[in-house]
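Trainee: My structure is below; once you've seen it, I'll send some questions.
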Amino acid sequence: MKFAKLSFMPEKLSGSLNICLVLIVLSAAFNASAQVKKDYSISPVKFTEVDITDQFWLPRMETSRKVTLPYAFGQCEETGRISNFAKAGGLVDGKFEGIFFNDSDVFKVVEGAAYTLALAPDPKLEKYLDDLIVKIAAAQEDDGYLYTARTLQSDKYSPPGGKERWSDIAHGHELYNVGHMYEAAVAHFQATGKRTLLNVAIKNADLVCSVFGPDGRHDPPGCQVIEIGLGRLYRVTGDQKYLKMAKFFLDQRGNENGKRGLDGKGGLYGEYSQDHKPVVEQDEAVGHAVRAAYMYCGMADIAALTGDSGYVQAIKKIWNNIAEKKLYITAGIGATRRGEAFAKNYELPNLTAYNETCAAISYAMFNHRMFLMTGEGKYMDIVERILYNGFLSGISLEGKSFFYPNPLASLNGHSRSPWFSCACCPSNIVRFVPSIPGYAYATKDNKIYVNLYMGSTARMVVGGNKVVVKQETNFPWDGKVRITVEPEEPTTFEMRLRIPGWARNEVTPGGLYSYAEKSDAKVRLKVRGKTMPIRLHDGYVAVTNKWKHGDVIELDMPMEVRRVLCDKRVEANVDKVAIERGPIVYCLEGHDVEGGRVLSLILEDDVELKTVKKSNLLGGVITVKGTAASMQRTPEGQIIKSGQREFTAIPYYAWAHRGRSPMTVWVARNVNATIPAPAKTIAVRAKISTSKGSKGRLDLLSDQYNPKKSNDPSAGFLHWWPHKNTKEWVQYDFDKKEAVSQVRVYWFEDVPNGEVKVPLSWKVLYKDGDKWKPVQKLDPYTVDKDMEHSVKFIPITTDAMRLEIHSHERYSVGLHEWSVE
């Protein structure tokens with residue numbers, strides 16, 4: 001059965017009949033789960049007990065269920081991810097397809113499907129999962145080992161490490177894959193009460209516990225996540241060995257004396273995998289951002305389950321480092337494409353920002369855990385910022401195209417992709433969206449926390465009494481929230497309502513960003529129609545009452561258009577400003593500015609910014625309108641104002657839905673921060689062509705925007721990788737004959753991280769009739785990196801010029817800029 005042919009029933013996620021069915025199934029499953037002695041001091045209200053009625057999130061959850069989930073399963077089928085299990089289990093013949101960690105994508109989509117089943121029972125979806133789990137179980141070897149890439153290895157293919165099991169724990173992803181499988185298995189068990197996948201997970205986890213541990217191998221996984229999965233297995237089974245194994249893996253990071261590798265002599269993996277020092281000694285976020293955030297989640301879980309205060313202190317320090325020095329305004333993390341990693345403190349580029357969608361999801365998971373541990377609202381402030389900005393940009397409105405990186409500026413626009421060979425982001429989205437309601441509410445003793453504002457009905461137990469909490473709101477477009485409290489019996493308890501940082505003149509906790517001006521607008525609170533004072537504790541306003549059925553709380557958080565400034569140590573944002581309203585970060589897209597050059601604009605501090613509701617734009621948004629000065633270069637190199645441009649800013653999450661166009665979140669406040677429109681030189685007017693195999697945008701060669709260094713990808717560049725030891729060319733064809741006497745070039749180079757290097761040699765040619773001739777140069781052809789090279793020559797008159805570039809034997813060549821004078 002092809003998943004794409006399945007029909008989804010019922011039509012909506014909410015409804016009393018659906019919830020009754022869900023609760024019956026979940027009750028049986030949870031009763032079969034073990035009771036653990038320790039866990040987080042605050043308990044989230046399970047997503048299955050929160051009905052979303054919200055006009056912002058409900059359509060997105062429906063799209064996830066009806067479009068994204070079946071689409072993801074369809075892609076897993078088409079790319080061989082699912083058939084790999086059938087092949088490994090001997091159900092069909094064939095070779096391994098794809099990347100060695102493709103198993104994990106299937107497990108994440110299964111987890112998302114389980115959450116979807118829990119919200120809206122669907123017999124066809126459940127049957128599809130039953131059939132898929134048969135394939136997964138068949139692929140498991142007799143002792144519990146499950147890794148289709150190794151089971152299906154052949155003379156022509158083997159995963160990292162070769163033919164032997166556990167031979168390359170740093171890179172092979174054996175443990176990473178099954179970590180996601182454990183999470184999927186627990187989710188499936190809790191949604192259906194079936195142990196089919198849970199039995200597979202337990203069998204594999206038992207094998208892992210027999211191979212690794214104090215008396216066995218000491219290798220921690222290269223890519224973390226199994227720590228989270230083992231914690232979930234412990235919660236559902238009560239088996240202490242899973243908890244101990246999770247903690248053991250964490251404690252082996254940075255342990256130079258551990259027995260690693262098949263020979264017991266393997267070394268540390270380094271900062272990339274957060275294996276450079278023991279986890280309790282780490283105080284800075286480094287390395288691969290997703291691996292790091294998964295590890296911080298695992299540390300939080302194990303700290304909650306064991307009471308390990310060393311873990312708590314470490315992740316608090318790391319969280320502070322991110323909040324104060326490494327966090328994007330969208331709450332994205334992982335600034336650099338190199339290693340998909342955290343960059344240095346305050347290194348937050350916009351054009352080359354990586355901000356992987358998976359990193360946003362895992363960082364939301366980490367912040368939610370920090371809230372459950374501490375009860376501090378600052379962590380939910382970050383979750384909110386991620387949801388409406390850093391995460392949401394990662395999926396299109398129609399639900400089946402995705403961003404992997406999420407930059408904060410683009411010279412000529414980006415477009416989401418229908419899938420990726422490394423599809424961790426789409427599969428993560430599938431499991432994250434249906435879980436979002438579980439972030440909205442929490443309880444502790446006689447307290448109810450309202451963490452996120454979204455139209456919803458939530459059921460919970462407080463002090464032994466059943467309570468229903470209903471929210472009515474048009475958030476995130478309006479800050480008015482009406483909360484109705486419905487206890488089964490009149491009961492005294494405390495309602496804690498989070499007052500977001502943006503409503504308290506705080507952009508993000510940590511001070512990395514600040515509002516240009518303080519707002520005097522006040523948050524207003526009424527209980528039973530009576531105005532109440534706002535007294536904050538840990539970011540919440542607490543209201544204690546003897547609540548009775550139908551009591552109403554009214555919260556009004558003014559949403560003004562705010563200008564945001566950044567710490568001056570973030571070089572990319574010096575002399576720039578961003579626009580926010582409520583939890584929404586805005587951007588300027590070329591579609592909404594005359595001429596499209598958003599990076600050439602100056603938004604002056606005194607320009608009035610107005611909101612305009614656009615119900616038919618991008619699914620319905622509130623836009624921000626204003627005017628900005630447009631800057632342009634002259635042929636003499638001066639920068640002048642070329643006029644005023646009206647602009648319309650849209651929510652950042654909604655960019656790249658109307659075709660490619662320049663975009664920026666941070667807008668210049670003065671000329672120093674602009675990328676002026678280029679002067680109308682002969683190079684700008686020329687038609688550009690190259691030798692075969694070039695990659696990059698040709699028009700950027702003449703945009704007159706020189707990079708800071710040769711390895712600066714933000715300036716745009718052309719390259720011919722992987723061509724090596726070749727002669728390449730790039731050509732300008734003019735619309736008429738021009739007199740030329742000088743060229744300037746700026747070479748691109750990305751070694752040692754890449755294989756593009758400044759050229760071995762180069763020369764300038766001009767067209768004379770049908771022949772190409774070298775110019776009679778007056779200056780040498782230099783090839784140094786990190787500088788502009790100027791070559792003057794005896795003046796010529798021609799209608800075409802060409803750079804002929806020779807690459808090194810082991811390198812390709814690339815070019816940032818080429819101007820002709």
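Here's how to read the names in the structure tokens: chain A, B, ... by the order shown, residue numbers from 1 in each chain, ligand numbers from 1 in the order shown.
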Applying 9 Å and only C-alpha atoms, which residues near range 86-92 of chain A remain after dropping the ones on its own chain fewer than 4 positions away? List them as a PDB file with C-alpha atoms, in the first residue's frame.

Mentor:
ATOM      1  CA  ILE A  82      11.574   2.096   3.694  1.00  0.00           C
ATOM      2  CA  PHE A  96      21.037  -0.476   0.174  1.00  0.00           C
ATOM      3  CA  LEU A 132       5.908  -0.763   8.190  1.00  0.00           C
ATOM      4  CA  VAL A 134       6.755  -5.604  10.234  1.00  0.00           C
ATOM      5  CA  LYS A 135       9.506  -4.522   7.821  1.00  0.00           C
ATOM      6  CA  ILE A 136      11.494  -2.829  10.575  1.00  0.00           C
ATOM      7  CA  ALA A 137      11.228  -5.908  12.798  1.00  0.00           C
ATOM      8  CA  ALA A 138      12.297  -8.156   9.927  1.00  0.00           C
ATOM      9  CA  ALA A 139      15.434  -6.052   9.450  1.00  0.00           C
ATOM     10  CA  GLN A 140      16.467  -6.601  13.060  1.00  0.00           C
ATOM     11  CA  GLU A 141      19.111  -9.282  13.426  1.00  0.00           C
ATOM     12  CA  TYR A 147      21.313  -0.941  11.036  1.00  0.00           C
ATOM     13  CA  THR A 148      20.230  -1.577   7.463  1.00  0.00           C
ATOM     14  CA  ALA A 149      23.341   0.059   5.977  1.00  0.00           C
ATOM     15  CA  THR A 151      23.157  -5.540   7.104  1.00  0.00           C
ATOM     16  CA  LEU A 152      22.982  -4.731   3.391  1.00  0.00           C
TER      17      LEU A 152
END

Trainee: Let's see if you can do this: from backbone DSSP, list all strand (DSSP E or B) residues in range 272-509 of chain A, as a VMD selection string.

Mentor: chain A and resid 275 288 336 341 395 402 409 to 410 417 441 to 444 447 to 450 456 to 462 465 to 473 480 to 487 491 to 498

Trainee: Any idea what's packed within 9 Å of range 716-731 of chain A, counting only C-alpha atoms, ignoring anything in its chain fewer than 5 positions away? Could you give it as an MDAnalysis selection string?

Mentor: chainID A and resid 411 687:698 700:701 705 707 747:748 755:756 800:817

Trainee: Name the residues in contact with range 451-463 of chain A at a cut-off of 9 Å, using only C-alpha atoms, excluding same-chain residues fewer than 5 positions from it; report them as a PyMOL selection string.

Mentor: chain A and resi 45-47+49-58+377+380-381+383-384+437+439-446+468-476+479+481+491-493+496-499+540

Trainee: Ranking A:Lys124, A:His537, A:Lys785, A:Lys400 by minimum distance to Ser64 in chain A and counting only C-alpha atoms, which one comes first?

Mentor: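 Of all the options, A:Lys400 lies closest to Ser64 in chain A.
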
Trainee: Which one is closest to Asp39 in chain A: A:Tyr234, A:Tyr652, A:Tyr515, A:Tyr781? Count only C-alpha atoms.

Mentor: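 Closest candidate: A:Tyr234.
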
Trainee: Produce a table with one row for each residue of range 636-738 of chain A that has an atom at most 10 Å from any atom of range 325-344 of chain A, each row naming the nearest atom pair and its distance in Å at one decimal; use only C-alpha atoms; arrange rows by chain and rising residue number; format as a Markdown table.

Mentor:
| residue | atom | partner | partner_atom | distance |
| --- | --- | --- | --- | --- |
| A:Tyr652 | CA | A:Thr330 | CA | 8.5 |
| A:Tyr653 | CA | A:Thr330 | CA | 9.3 |
| A:Val665 | CA | A:Ile329 | CA | 9.1 |
| A:Trp666 | CA | A:Ile329 | CA | 9.7 |

Trainee: In Å, rounded to a single decimal, give me how far CA of Tyr40 in chain A is from CA of Ile228 in chain A.

Mentor: 14.0 Å

Trainee: Hey, which of A:Val743, A:Leu198, A:Ala113, A:Leu351 ends up closest to Pro713 in chain A? Count only C-alpha atoms.

Mentor: A:Leu351

Trainee: Which residues are close to Pro662 in chain A, i.e. within 6 Å by only C-alpha atoms, leaving aside same-chain residues fewer than 3 positions away? Reply as a list in words.

Mentor: Ser410, Leu411, Asn412, Gly413, Glu589 and Gly590 of chain A

Trainee: Take the residues just selected and output them with all heavy atoms as a tab-separated table (two decimals), in the first residue's frame.

Mentor:
chain	number	residue	atom	x	y	z
A	410	SER	N	19.47	37.45	1.97
A	410	SER	CA	19.75	36.76	0.72
A	410	SER	C	19.90	37.79	-0.39
A	410	SER	O	19.08	38.69	-0.52
A	410	SER	CB	18.60	35.80	0.37
A	410	SER	OG	18.81	35.19	-0.89
A	411	LEU	N	20.96	37.66	-1.17
A	411	LEU	CA	21.22	38.62	-2.24
A	411	LEU	C	20.22	38.49	-3.38
A	411	LEU	O	19.89	39.48	-4.03
A	411	LEU	CB	22.64	38.44	-2.78
A	411	LEU	CG	23.77	38.82	-1.81
A	411	LEU	CD1	25.12	38.42	-2.40
A	411	LEU	CD2	23.75	40.31	-1.51
A	412	ASN	N	19.76	37.28	-3.65
A	412	ASN	CA	18.81	37.11	-4.75
A	412	ASN	C	17.75	36.06	-4.44
A	412	ASN	O	17.16	35.48	-5.33
A	412	ASN	CB	19.53	36.73	-6.04
A	412	ASN	CG	18.65	36.93	-7.27
A	412	ASN	OD1	17.92	37.91	-7.35
A	412	ASN	ND2	18.71	36.00	-8.20
A	413	GLY	N	17.51	35.80	-3.15
A	413	GLY	CA	16.44	34.91	-2.78
A	413	GLY	C	16.84	33.45	-2.71
A	413	GLY	O	17.87	33.03	-3.25
A	589	GLU	N	11.36	41.81	1.74
A	589	GLU	CA	11.57	40.96	0.57
A	589	GLU	C	11.47	41.83	-0.68
A	589	GLU	O	10.64	42.76	-0.73
A	589	GLU	CB	10.55	39.83	0.54
A	589	GLU	CG	11.07	38.58	-0.12
A	589	GLU	CD	10.11	37.40	-0.02
A	589	GLU	OE1	8.99	37.54	0.47
A	589	GLU	OE2	10.51	36.31	-0.47
A	590	GLY	N	12.27	41.53	-1.68
A	590	GLY	CA	12.32	42.35	-2.88
A	590	GLY	C	10.99	42.53	-3.58
A	590	GLY	O	10.77	43.53	-4.27

Trainee: Please identify which residues in range 46-103 of chain A DSSP calls helix (DSSP H, G or I) from the backbone, and express them as an NGL selection string.

Mentor: :A and (47-49 or 57-78 or 81-88 or 102-103)

Trainee: At a cut-off of 9 Å, using only C-alpha atoms, what residues contact Val279 in chain A? Leave out same-chain residues fewer than 6 positions from it and give the result as a list in words.

Mentor: Leu250, Asp251, Gln252, Arg253, Gly254, Met299, Gly310, Tyr311, Ala314 and Ile315 of chain A

Trainee: I'd like the contact shell of range 521-524 of chain A - 9 Å cut-off, only C-alpha atoms, skipping same-chain residues fewer than 2 positions apart - returned as a ChimeraX atom specification.

Mentor: /A:499,503-504,519,526,531-534,554-560

Trainee: With only C-alpha atoms as the basis for distance, which of A:Ser710, A:Val450, A:Ala686, A:Thr797 is at the shortest distance from Val740 in chain A?

Mentor: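 Counting only C-alpha atoms, the residue closest to Val740 in chain A is A:Thr797.
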
Trainee: May I ask for the distance between CA of Val467 in chain A and CA of Leu119 in chain A, given in Å to one decimal place?

Mentor: 19.8 Å

Trainee: Select, from A:Trp166, A:Tyr296, A:Trp818, A:Tyr746, the residue with the minimum atom-to-atom distance to Lys708 in chain A, counting only C-alpha atoms.

Mentor: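 The shortest atom-to-atom distance to Lys708 in chain A comes from A:Tyr746.
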